[in-house]
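**Student:** Next up, my_file.pdb (PDB, C-alpha atoms and all ligand atoms).
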```
MODEL        1
ATOM      1  CA  MET A   1      96.197 141.697  93.541
ATOM      2  CA  THR A   2      99.275 140.826  95.571
ATOM      3  CA  ASN A   3     100.850 143.183  98.094
ATOM      4  CA  THR A   4     104.559 143.956  97.764
ATOM      5  CA  PRO A   5     106.535 141.634 100.047
ATOM      6  CA  THR A   6     109.013 143.353 102.377
ATOM      7  CA  SER A   7     111.077 140.279 103.187
ATOM      8  CA  ASN A   8     112.330 137.108 101.509
ATOM      9  CA  THR A   9     109.623 134.981  99.987
ATOM     10  CA  VAL A  10     109.360 131.305 100.883
ATOM     11  CA  ARG A  11     108.674 128.897  98.033
ATOM     12  CA  ALA A  12     106.989 125.534  98.470
ATOM     13  CA  LEU A  13     105.944 122.571  96.331
ATOM     14  CA  ALA A  14     102.509 120.999  96.744
ATOM     15  CA  PRO A  15     102.294 117.574  95.042
ATOM     16  CA  ALA A  16      99.121 115.875  93.843
ATOM     17  CA  LYS A  17      98.180 112.406  95.160
ATOM     18  CA  ILE A  18      96.556 109.245  93.918
ATOM     19  CA  ASN A  19      94.881 106.562  96.048
ATOM     20  CA  PRO A  20      96.349 103.107  95.314
ATOM     21  CA  TYR A  21      93.840 101.707  97.851
ATOM     22  CA  LEU A  22      90.618 103.181  99.207
ATOM     23  CA  ALA A  23      88.214 101.147 101.347
ATOM     24  CA  VAL A  24      85.120 102.755 102.881
ATOM     25  CA  LEU A  25      84.542 101.121 106.261
ATOM     26  CA  GLY A  26      81.194 102.744 107.109
ATOM     27  CA  PRO A  27      79.292 105.962 107.834
ATOM     28  CA  ARG A  28      80.174 108.160 110.843
ATOM     29  CA  SER A  29      77.932 110.255 113.045
ATOM     30  CA  ASP A  30      79.501 113.492 111.687
ATOM     31  CA  GLY A  31      78.245 112.867 108.138
ATOM     32  CA  TYR A  32      81.611 111.603 106.889
ATOM     33  CA  HIS A  33      82.707 108.041 106.164
ATOM     34  CA  GLU A  34      85.413 106.075 107.915
ATOM     35  CA  LEU A  35      88.185 105.173 105.476
ATOM     36  CA  GLU A  36      91.219 102.973 105.162
ATOM     37  CA  THR A  37      93.222 104.355 102.274
ATOM     38  CA  THR A  38      96.739 104.756 100.981
ATOM     39  CA  LEU A  39      97.832 108.036  99.443
ATOM     40  CA  LEU A  40     100.804 108.309  97.123
ATOM     41  CA  ALA A  41     102.157 111.761  96.274
ATOM     42  CA  ILE A  42     103.102 112.164  92.605
ATOM     43  CA  SER A  43     105.405 114.517  90.734
ATOM     44  CA  LEU A  44     102.602 116.745  89.372
ATOM     45  CA  CYS A  45     102.968 119.769  91.670
ATOM     46  CA  ASP A  46     101.456 123.166  92.386
ATOM     47  CA  GLU A  47     103.887 125.876  93.446
ATOM     48  CA  LEU A  48     103.413 128.396  96.193
ATOM     49  CA  GLU A  49     105.239 131.591  97.200
ATOM     50  CA  VAL A  50     104.556 133.284 100.503
ATOM     51  CA  GLY A  51     105.972 136.723 101.270
ATOM     52  CA  VAL A  52     105.523 138.865 104.379
ATOM     53  CA  ASP A  53     104.480 142.511 103.882
ATOM     54  CA  ASP A  54     103.106 145.457 105.842
ATOM     55  CA  SER A  55      99.518 145.253 104.549
ATOM     56  CA  GLY A  56      98.030 143.708 107.699
ATOM     57  CA  SER A  57      95.990 141.466 105.375
ATOM     58  CA  ILE A  58      96.264 138.458 103.075
ATOM     59  CA  ALA A  59      96.410 138.765  99.296
ATOM     60  CA  LEU A  60      96.263 135.659  97.116
ATOM     61  CA  ASP A  61      97.077 135.511  93.418
ATOM     62  CA  VAL A  62      96.323 132.337  91.451
ATOM     63  CA  GLU A  63      97.893 131.653  88.071
ATOM     64  CA  GLY A  64      99.020 128.718  85.933
ATOM     65  CA  PRO A  65      97.256 126.289  83.589
ATOM     66  CA  PHE A  66      94.586 125.312  86.137
ATOM     67  CA  ALA A  67      93.849 128.740  87.592
ATOM     68  CA  SER A  68      90.123 128.828  86.884
ATOM     69  CA  SER A  69      86.946 130.241  88.316
ATOM     70  CA  ASP A  70      86.614 127.249  90.674
ATOM     71  CA  VAL A  71      89.894 128.250  92.352
ATOM     72  CA  PRO A  72      88.858 131.304  94.402
ATOM     73  CA  THR A  73      91.351 133.936  95.590
ATOM     74  CA  ASP A  74      89.628 134.725  98.898
ATOM     75  CA  GLU A  75      88.809 132.939 102.155
ATOM     76  CA  ARG A  76      87.018 130.177 100.212
ATOM     77  CA  ASN A  77      90.472 128.970  99.112
ATOM     78  CA  LEU A  78      92.114 126.536 101.589
ATOM     79  CA  VAL A  79      95.449 128.298 100.992
ATOM     80  CA  TRP A  80      93.961 131.548 102.255
ATOM     81  CA  ARG A  81      92.451 129.798 105.292
ATOM     82  CA  ALA A  82      95.677 127.950 106.168
ATOM     83  CA  ALA A  83      97.675 131.183 105.914
ATOM     84  CA  GLU A  84      95.103 133.018 108.012
ATOM     85  CA  ARG A  85      95.323 130.423 110.800
ATOM     86  CA  ALA A  86      99.126 130.693 110.864
ATOM     87  CA  LEU A  87      99.021 134.511 110.746
ATOM     88  CA  GLU A  88      96.512 134.643 113.602
ATOM     89  CA  LEU A  89      98.653 132.317 115.742
ATOM     90  CA  ALA A  90     101.743 134.372 114.877
ATOM     91  CA  ARG A  91      99.994 137.490 116.201
ATOM     92  CA  THR A  92      98.425 135.982 119.337
ATOM     93  CA  ARG A  93     101.147 133.528 120.429
ATOM     94  CA  PHE A  94     104.369 134.758 118.878
ATOM     95  CA  GLY A  95     103.941 138.532 119.180
ATOM     96  CA  VAL A  96     104.063 139.224 115.449
ATOM     97  CA  ALA A  97     102.803 142.773 114.756
ATOM     98  CA  ARG A  98      99.204 143.188 113.496
ATOM     99  CA  SER A  99     100.607 145.287 110.645
ATOM    100  CA  ARG A 100     102.233 142.178 109.168
ATOM    101  CA  GLY A 101     100.384 140.700 106.212
ATOM    102  CA  LEU A 102     100.949 138.035 103.588
ATOM    103  CA  SER A 103     101.334 138.092  99.847
ATOM    104  CA  ILE A 104     100.755 134.643  98.331
ATOM    105  CA  ARG A 105     101.218 133.434  94.766
ATOM    106  CA  LEU A 106      99.800 130.035  93.841
ATOM    107  CA  VAL A 107     100.668 128.387  90.535
ATOM    108  CA  LYS A 108      97.984 125.761  89.777
ATOM    109  CA  ARG A 109      99.234 122.854  87.713
ATOM    110  CA  ILE A 110      96.961 120.298  89.399
ATOM    111  CA  PRO A 111      93.344 120.374  88.188
ATOM    112  CA  SER A 112      90.894 121.053  91.011
ATOM    113  CA  GLN A 113      87.974 118.771  91.898
ATOM    114  CA  ALA A 114      89.814 115.921  90.236
ATOM    115  CA  GLY A 115      90.445 113.442  93.076
ATOM    116  CA  LEU A 116      94.103 114.507  93.133
ATOM    117  CA  GLY A 117      94.117 116.351  96.477
ATOM    118  CA  GLY A 118      95.451 119.598  94.984
ATOM    119  CA  GLY A 119      93.551 121.949  97.308
ATOM    120  CA  SER A 120      94.563 119.943 100.389
ATOM    121  CA  SER A 121      98.186 119.838  99.305
ATOM    122  CA  ASP A 122      98.178 123.590  98.631
ATOM    123  CA  ALA A 123      96.775 124.183 102.138
ATOM    124  CA  ALA A 124      99.465 122.031 103.783
ATOM    125  CA  ALA A 125     102.171 123.811 101.772
ATOM    126  CA  ALA A 126     100.661 127.208 102.651
ATOM    127  CA  LEU A 127     100.705 126.436 106.380
ATOM    128  CA  LEU A 128     104.341 125.286 106.309
ATOM    129  CA  ALA A 129     105.458 128.177 104.076
ATOM    130  CA  THR A 130     103.645 130.792 106.177
ATOM    131  CA  GLU A 131     105.251 129.467 109.362
ATOM    132  CA  ARG A 132     108.664 129.701 107.705
ATOM    133  CA  ALA A 133     108.002 133.164 106.259
ATOM    134  CA  LEU A 134     106.904 134.487 109.680
ATOM    135  CA  SER A 135     109.746 132.617 111.460
ATOM    136  CA  ILE A 136     107.370 130.780 113.784
ATOM    137  CA  GLU A 137     106.949 127.079 114.558
ATOM    138  CA  ILE A 138     103.442 125.934 115.460
ATOM    139  CA  ASP A 139     103.228 123.106 118.005
ATOM    140  CA  PRO A 140     102.893 119.800 116.056
ATOM    141  CA  LEU A 141      99.604 118.837 117.775
ATOM    142  CA  GLU A 142      98.104 122.227 117.014
ATOM    143  CA  ARG A 143      99.332 121.987 113.418
ATOM    144  CA  ALA A 144      97.699 118.556 113.086
ATOM    145  CA  ARG A 145      94.419 119.975 114.437
ATOM    146  CA  ILE A 146      94.483 122.893 111.992
ATOM    147  CA  LEU A 147      95.224 120.580 109.046
ATOM    148  CA  ALA A 148      92.414 118.160 109.985
ATOM    149  CA  GLN A 149      89.976 121.087 110.183
ATOM    150  CA  LEU A 150      91.063 122.412 106.794
ATOM    151  CA  GLY A 151      90.416 119.121 104.959
ATOM    152  CA  SER A 152      90.628 115.342 105.286
ATOM    153  CA  ASP A 153      93.715 114.964 103.048
ATOM    154  CA  CYS A 154      95.714 117.954 104.368
ATOM    155  CA  ALA A 155      97.411 116.010 107.168
ATOM    156  CA  PHE A 156      98.837 113.505 104.685
ATOM    157  CA  PHE A 157     100.688 116.157 102.697
ATOM    158  CA  ALA A 158     102.247 117.643 105.843
ATOM    159  CA  GLU A 159     102.977 114.450 107.768
ATOM    160  CA  ALA A 160     104.190 112.203 104.949
ATOM    161  CA  ALA A 161     106.669 114.950 104.062
ATOM    162  CA  ARG A 162     109.661 112.635 103.743
ATOM    163  CA  SER A 163     108.204 109.723 101.785
ATOM    164  CA  GLY A 164     105.039 110.945 100.096
ATOM    165  CA  TYR A 165     103.333 107.627 100.883
ATOM    166  CA  ALA A 166     101.064 106.746 103.810
ATOM    167  CA  ARG A 167      98.179 104.675 105.114
ATOM    168  CA  CYS A 168      95.424 107.021 106.287
ATOM    169  CA  LEU A 169      92.518 106.256 108.597
ATOM    170  CA  GLY A 170      89.510 108.103 110.010
ATOM    171  CA  ARG A 171      88.355 110.674 107.432
ATOM    172  CA  GLY A 172      91.919 110.377 106.166
ATOM    173  CA  GLU A 173      93.443 112.666 108.780
ATOM    174  CA  ARG A 174      95.097 109.866 110.830
ATOM    175  CA  VAL A 175      98.338 109.353 108.947
ATOM    176  CA  GLU A 176     100.740 106.408 109.250
ATOM    177  CA  THR A 177     103.718 107.241 107.072
ATOM    178  CA  LEU A 178     105.055 104.387 104.917
ATOM    179  CA  PRO A 179     108.472 104.140 103.246
ATOM    180  CA  ALA A 180     108.625 105.757  99.798
ATOM    181  CA  PRO A 181     107.980 103.139  97.091
ATOM    182  CA  SER A 182     110.568 102.388  94.475
ATOM    183  CA  ALA A 183     111.037 105.259  92.026
ATOM    184  CA  ARG A 184     110.757 102.941  89.008
ATOM    185  CA  TRP A 185     107.021 103.505  88.587
ATOM    186  CA  THR A 186     105.484 105.668  85.927
ATOM    187  CA  VAL A 187     101.939 106.792  86.648
ATOM    188  CA  ALA A 188      99.773 107.544  83.595
ATOM    189  CA  LEU A 189      97.094 110.001  84.639
ATOM    190  CA  VAL A 190      94.016 111.417  82.892
ATOM    191  CA  THR A 191      91.532 113.971  84.189
ATOM    192  CA  PRO A 192      88.224 113.981  82.282
ATOM    193  CA  THR A 193      86.293 117.218  81.853
ATOM    194  CA  ALA A 194      83.366 115.688  83.740
ATOM    195  CA  LEU A 195      83.387 116.556  87.446
ATOM    196  CA  ALA A 196      82.559 114.042  90.184
ATOM    197  CA  PRO A 197      81.520 116.099  93.244
ATOM    198  CA  THR A 198      82.762 114.256  96.353
ATOM    199  CA  GLU A 199      79.513 114.640  98.235
ATOM    200  CA  LEU A 200      77.492 113.244  95.323
ATOM    201  CA  VAL A 201      79.764 110.202  95.027
ATOM    202  CA  TYR A 202      79.519 109.436  98.770
ATOM    203  CA  ARG A 203      75.735 109.855  98.620
ATOM    204  CA  GLN A 204      75.597 107.383  95.756
ATOM    205  CA  LEU A 205      77.783 104.976  97.734
ATOM    206  CA  ALA A 206      75.653 105.266 100.890
ATOM    207  CA  GLY A 207      72.792 103.373  99.223
ATOM    208  CA  THR A 208      75.059 100.395  98.483
ATOM    209  CA  LEU A 209      77.236 100.379 101.583
ATOM    210  CA  ARG A 210      75.215  97.643 103.290
ATOM    211  CA  ASP A 211      75.565  95.286 100.311
ATOM    212  CA  SER A 212      78.204  92.795 101.315
ATOM    213  CA  LYS A 213      81.129  93.166  98.964
ATOM    214  CA  LEU A 214      84.369  91.302  99.079
ATOM    215  CA  VAL A 215      86.863  94.007 100.020
ATOM    216  CA  PRO A 216      90.469  93.101  99.244
ATOM    217  CA  ARG A 217      92.881  93.691 102.108
ATOM    218  CA  LEU A 218      95.372  96.496 101.917
ATOM    219  CA  GLN A 219      98.786  95.353 100.718
ATOM    220  CA  HIS A 220     100.751  98.561 101.202
ATOM    221  CA  ASP A 221     104.009  96.928 100.056
ATOM    222  CA  SER A 222     102.493  95.839  96.721
ATOM    223  CA  LEU A 223     104.393  98.727  95.092
ATOM    224  CA  GLU A 224     107.583  96.796  95.852
ATOM    225  CA  GLY A 225     106.377  93.847  93.761
ATOM    226  CA  SER A 226     105.936  93.262  90.031
ATOM    227  CA  VAL A 227     103.675  95.449  87.908
ATOM    228  CA  VAL A 228     101.109  92.608  87.849
ATOM    229  CA  GLU A 229     101.100  92.455  91.664
ATOM    230  CA  ALA A 230     100.966  96.233  92.054
ATOM    231  CA  ARG A 231      98.071  96.589  89.620
ATOM    232  CA  SER A 232      96.072  93.754  91.129
ATOM    233  CA  ALA A 233      96.350  95.342  94.595
ATOM    234  CA  LEU A 234      94.814  98.639  93.388
ATOM    235  CA  TYR A 235      91.324  99.126  94.816
ATOM    236  CA  ASN A 236      88.839 101.977  95.129
ATOM    237  CA  ARG A 237      85.426 101.402  96.714
ATOM    238  CA  LEU A 238      84.275 104.794  95.408
ATOM    239  CA  GLU A 239      84.792 103.912  91.755
ATOM    240  CA  LEU A 240      81.467 102.151  91.084
ATOM    241  CA  ALA A 241      79.606 104.888  92.969
ATOM    242  CA  ALA A 242      81.323 107.575  90.866
ATOM    243  CA  LEU A 243      80.484 105.710  87.643
ATOM    244  CA  SER A 244      76.818 105.574  88.686
ATOM    245  CA  ALA A 245      76.738 109.214  89.798
ATOM    246  CA  VAL A 246      78.446 110.618  86.692
ATOM    247  CA  PRO A 247      77.383 108.915  83.425
ATOM    248  CA  GLU A 248      80.314 110.354  81.462
ATOM    249  CA  LEU A 249      82.741 108.555  83.776
ATOM    250  CA  ARG A 250      81.075 105.279  82.826
ATOM    251  CA  LEU A 251      81.931 106.062  79.201
ATOM    252  CA  TRP A 252      85.536 106.618  80.266
ATOM    253  CA  ARG A 253      85.534 103.283  82.126
ATOM    254  CA  ASP A 254      84.096 101.589  79.070
ATOM    255  CA  SER A 255      86.790 103.169  76.857
ATOM    256  CA  LEU A 256      89.564 102.078  79.225
ATOM    257  CA  ASP A 257      88.256  98.497  79.288
ATOM    258  CA  ARG A 258      87.839  98.331  75.508
ATOM    259  CA  ILE A 259      91.470  99.236  74.821
ATOM    260  CA  GLY A 260      92.887  96.830  77.390
ATOM    261  CA  LEU A 261      93.453  99.318  80.221
ATOM    262  CA  GLU A 262      91.236  97.515  82.756
ATOM    263  CA  HIS A 263      93.974  98.063  85.344
ATOM    264  CA  PHE A 264      93.360 101.839  85.454
ATOM    265  CA  ARG A 265      91.614 102.960  88.668
ATOM    266  CA  LEU A 266      89.776 106.073  89.740
ATOM    267  CA  SER A 267      91.675 108.316  92.193
ATOM    268  CA  GLY A 268      89.717 109.284  95.321
ATOM    269  CA  SER A 269      86.160 110.247  94.408
ATOM    270  CA  GLY A 270      87.289 111.130  90.860
ATOM    271  CA  SER A 271      87.220 112.189  88.231
ATOM    272  CA  SER A 272      90.878 111.319  87.421
ATOM    273  CA  PHE A 273      91.913 107.792  86.426
ATOM    274  CA  PHE A 274      95.472 106.467  86.762
ATOM    275  CA  GLY A 275      97.466 103.431  85.652
ATOM    276  CA  LEU A 276     100.729 102.042  87.038
ATOM    277  CA  TYR A 277     103.620 101.130  84.721
ATOM    278  CA  ASP A 278     107.157  99.837  85.071
ATOM    279  CA  SER A 279     107.866 100.981  81.499
ATOM    280  CA  HIS A 280     107.750 104.711  80.728
ATOM    281  CA  SER A 281     107.442 104.120  76.983
ATOM    282  CA  GLN A 282     104.528 101.688  77.412
ATOM    283  CA  ALA A 283     102.801 104.214  79.687
ATOM    284  CA  GLY A 284     103.258 106.900  77.008
ATOM    285  CA  ALA A 285     101.919 104.658  74.230
ATOM    286  CA  ASP A 286      98.870 103.642  76.289
ATOM    287  CA  LEU A 287      98.153 107.257  77.258
ATOM    288  CA  GLU A 288      98.232 108.289  73.579
ATOM    289  CA  LEU A 289      95.876 105.454  72.674
ATOM    290  CA  LEU A 290      93.529 106.495  75.477
ATOM    291  CA  GLU A 291      93.569 110.141  74.345
ATOM    292  CA  ARG A 292      92.780 109.095  70.751
ATOM    293  CA  THR A 293      89.968 106.820  71.923
ATOM    294  CA  ALA A 294      88.482 109.533  74.150
ATOM    295  CA  ARG A 295      88.610 112.063  71.285
ATOM    296  CA  SER A 296      86.919 109.677  68.860
ATOM    297  CA  ARG A 297      84.114 109.107  71.392
ATOM    298  CA  GLY A 298      83.696 112.813  72.126
ATOM    299  CA  LEU A 299      84.904 112.523  75.740
ATOM    300  CA  GLY A 300      86.362 115.760  77.095
ATOM    301  CA  LEU A 301      89.828 115.734  78.670
ATOM    302  CA  ARG A 302      91.115 118.387  81.117
ATOM    303  CA  GLY A 303      94.642 117.015  81.085
ATOM    304  CA  SER A 304      96.891 113.960  80.826
ATOM    305  CA  TRP A 305     100.298 113.347  82.384
ATOM    306  CA  LEU A 306     103.099 110.836  82.781
ATOM    307  CA  VAL A 307     104.410 111.289  86.319
ATOM    308  CA  SER A 308     106.310 109.360  88.986
ATOM    309  CA  PRO A 309     106.035 108.961  92.775
ATOM    310  CA  ALA A 310     107.142 112.293  94.279
ATOM    311  CA  SER A 311     108.829 110.751  97.356
ATOM    312  CA  HIS A 312     107.885 113.887  99.300
ATOM    313  CA  GLY A 313     104.819 115.683 100.605
ATOM    314  CA  ALA A 314     104.305 119.445 100.832
ATOM    315  CA  ARG A 315     107.861 120.763 100.844
ATOM    316  CA  ILE A 316     109.655 124.066 101.364
ATOM    317  CA  LEU A 317     112.086 124.715  98.523
ATOM    318  CA  PRO A 318     115.636 125.759  99.408
TER
HETATM  319  O1  LIG A 401      86.438 116.168 102.318
HETATM  320  P1  LIG A 401      85.398 117.037 101.676
HETATM  321  O2  LIG A 401      84.881 118.100 102.600
HETATM  322  O3  LIG A 401      85.750 117.524 100.320
HETATM  323  O4  LIG A 401      84.127 116.057 101.456
HETATM  324  C1  LIG A 401      82.958 116.489 100.822
HETATM  325  C2  LIG A 401      81.808 115.582 101.249
HETATM  326  O5  LIG A 401      82.079 114.209 100.915
HETATM  327  C3  LIG A 401      81.555 115.565 102.752
HETATM  328  O6  LIG A 401      80.737 116.631 103.134
HETATM  329  C4  LIG A 401      80.894 114.206 102.929
HETATM  330  O7  LIG A 401      79.539 114.257 102.549
HETATM  331  C5  LIG A 401      81.616 113.338 101.916
HETATM  332  N1  LIG A 401      82.738 112.609 102.549
HETATM  333  C6  LIG A 401      82.465 111.500 103.335
HETATM  334  N2  LIG A 401      83.496 110.826 103.942
HETATM  335  C7  LIG A 401      84.783 111.191 103.758
HETATM  336  C8  LIG A 401      85.096 112.292 102.937
HETATM  337  C9  LIG A 401      84.033 112.985 102.344
HETATM  338  O8  LIG A 401      81.297 111.145 103.526
HETATM  339  N3  LIG A 401      85.768 110.495 104.354
ENDMDL
END
```
As structure tokens, how would this structure be written, given the file I've shared?
Ligand code: C5P

**Tutor:**
Amino acid sequence: MTNTPTSNTVRALAPAKINPYLAVLGPRSDGYHELETTLLAISLCDELEVGVDDSGSIALDVEGPFASSDVPTDERNLVWRAAERALELARTRFGVARSRGLSIRLVKRIPSQAGLGGGSSDAAAALLATERALSIEIDPLERARILAQLGSDCAFFAEAARSGYARCLGRGERVETLPAPSARWTVALVTPTALAPTELVYRQLAGTLRDSKLVPRLQHDSLEGSVVEARSALYNRLELAALSAVPELRLWRDSLDRIGLEHFRLSGSGSSFFGLYDSHSQAGADLELLERTARSRGLGLRGSWLVSPASHGARILP
């Protein structure tokens, strides 16, 4: 249940992401893996509204096509945690009264646990929107620390705000913003019903990490080239691990390859696959063919989309 806001609500957009490139450099002592990856924000977005009220607490409402039982409405949700951190700082550093609370509405259009960064993007948007709603500005270093603690991909959505494209290092929290790629791309995106839990995929990878594999170098400007160049530069070291960890994803891979969509890649640790196109109509035709093929093979689909690069990260709406 939401509280009744007493002041203007702040609206924000939280885009999904895909990983055009994801290399795993090795294990770290903290249980995570060191990455070199690029993240590209896409025009599939969640929407967030943050209002200030006199409840002294946080209320979060989740709705929309992907509001499901795996999107909690309490402190297990990264949105709740991001808002709580901002509210606590507002009280302790900016003298905001303890009676102030937050009423948050989240519209989920991005499937969760899909390799699309939805939860991380929502958290980044929630932090920015809560700051704006409470009229505070958290120190950039402190904001970066909060985002890194919330999740590995959160920093990207906040820091690559102007281009929606970046090279990310460390667990993904060290963000080097890149110029937005040309808007001519269409991204065809499918999210299978099968889930690929991140931890399971990394565990599967760990056993093969020592095997020497030829890792292609990152070409972050490949999205400026032809569709052949852009597709051939796509890379995801987690894909084979995900296919081994989740048998149904191997059936998806097999279906993609059989209908000539070998260029599709897994996003993050899965389970979404995406393909890059310079022709919207070709992307639409291929997506339809893929949907038909999946149906005929009994493969469950959570959603499919034709989207474009967002050219922005988490963003406050005017
Ligand atoms: O980022 P998140 O907390 O969702 O990751 C879930 C799990 O995936 C981690 O606990 C870790 O086991 C693994 N992981 C990893 N290296 C990363 C990101 C995730 O090993 N860079």

**Student:** To verify the selection step, state as a PyMOL selection string which residues the PyMOL selection byres (((chain A and resi 155) around 8) and not hetatm) yields on this input.

**Tutor:** chain A and resi 124+144+147-148+151-154+156-159+172-175

**Student:** With a cut-off of 7 Å, could you pull out the residues of chain A touching ligand LIG 401 (chain A) and give me the nearest pair of atoms for each, distance in Å to one decimal, using all atoms listed in the file, ordered by chain and ascending number, as a tab-separated table?

**Tutor:**
```
residue	atom	partner	partner_atom	distance
A:Gly31	CA	A:LIG401	O8	5.8
A:Tyr32	CA	A:LIG401	O8	3.4
A:His33	CA	A:LIG401	N2	3.6
A:Glu34	CA	A:LIG401	N3	5.7
A:Leu35	CA	A:LIG401	N3	6.0
A:Gly151	CA	A:LIG401	O1	5.6
A:Ser152	CA	A:LIG401	O1	5.2
A:Arg171	CA	A:LIG401	N3	4.0
A:Gly172	CA	A:LIG401	N3	6.4
A:Thr198	CA	A:LIG401	O5	4.6
A:Glu199	CA	A:LIG401	O5	3.7
A:Tyr202	CA	A:LIG401	O8	5.4
```

**Student:** Could you spell out the hits of the PyMOL selection byres (((chain A and resi 311) around 12) and not hetatm) on the shown file, as a VMD selection string?

**Tutor:** chain A and resid 15 to 17 39 to 44 157 160 to 166 177 to 185 307 to 310 312 to 315

**Student:** Between A:Tyr277, A:Tyr21, A:Phe66, A:Trp252, which one has atoms that come closest to Gly303 (chain A), using all atoms listed in the file?

**Tutor:**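 Checking each of A:Tyr277, A:Tyr21, A:Phe66, A:Trp252 against Gly303 (chain A), counting all atoms listed in the file, the winner is A:Phe66.
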
**Student:** Taking the file as shown, find all residues satisfying the PyMOL selection byres (((chain A and resi 137-142) around 10) and not hetatm) and write them as a list of chain:residue names.

**Tutor:**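 Matching residues under the PyMOL selection byres (((chain A and resi 137-142) around 10) and not hetatm) are A:Ala86, A:Leu89, A:Ala90, A:Arg93, A:Phe94, A:Leu127, A:Leu128, A:Thr130, A:Glu131, A:Arg132, A:Leu134, A:Ser135, A:Ile136, A:Arg143, A:Ala144, A:Arg145, A:Ile146, A:Leu147, A:Ala148, A:Glu159.
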
**Student:** Which neighbours of Ala285 (chain A) fall inside 12 Å, counting only C-alpha atoms, when residues of the same chain fewer than 5 positions from it are skipped, and could you give them as a list of chain:residue names?

**Tutor:**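 My reading of the contact set: A:Ala188, A:Ile259, A:Leu261, A:Tyr277, A:Ser279, A:His280, A:Leu290, A:Glu291, A:Arg292, A:Leu306.
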
**Student:** Kindly provide, as AutoDock Vina command-line options, the centre and edge lengths (Å, one decimal) of an axis-aligned box around all atoms of region 30-46 of chain A given in the file, with 4 Å on each side.

**Tutor:**
```
--center_x 91.8 --center_y 113.1 --center_z 100.5 --size_x 35.2 --size_y 28.2 --size_z 30.3
```

**Student:** From the set A:Asp30, A:Ser112, A:Asn19, A:Lys213, which residue has the shortest atom-to-atom contact distance to Arg265 (chain A), counting only C-alpha atoms?

**Tutor:** A:Asn19

**Student:** I'd like the contact shell of Leu205 (chain A) - 9 Å cut-off, only C-alpha atoms, skipping same-chain residues fewer than 6 positions apart - returned as JSON, numbers by chain.

**Tutor:** {"A": [237, 238, 240, 241, 242]}

**Student:** Would you work out the distance separating CA of Ala23 (chain A) from CA of Arg81 (chain A), expressed in Å to one decimal?

**Tutor:**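 Atom-to-atom, CA of Ala23 (chain A) and CA of Arg81 (chain A) are spaced 29.2 Å apart.
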
**Student:** Work out how far CA of Ala230 (chain A) is from CA of Gln282 (chain A), in Å to one decimal.

**Tutor:** 16.0 Å

**Student:** Calculated over only C-alpha atoms, which of the candidates A:Lys108, A:Arg85, A:Arg28, A:Arg100 has the smallest distance to Asp61 (chain A)?

**Tutor:**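 Among A:Lys108, A:Arg85, A:Arg28, A:Arg100, it is A:Lys108 that comes nearest to Asp61 (chain A).
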
**Student:** Suppose you want the space between CA of Leu87 (chain A) and CA of Glu63 (chain A); what is it in Å?

**Tutor:**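 Calculated distance between CA of Leu87 (chain A) and CA of Glu63 (chain A) is 22.9 Å.
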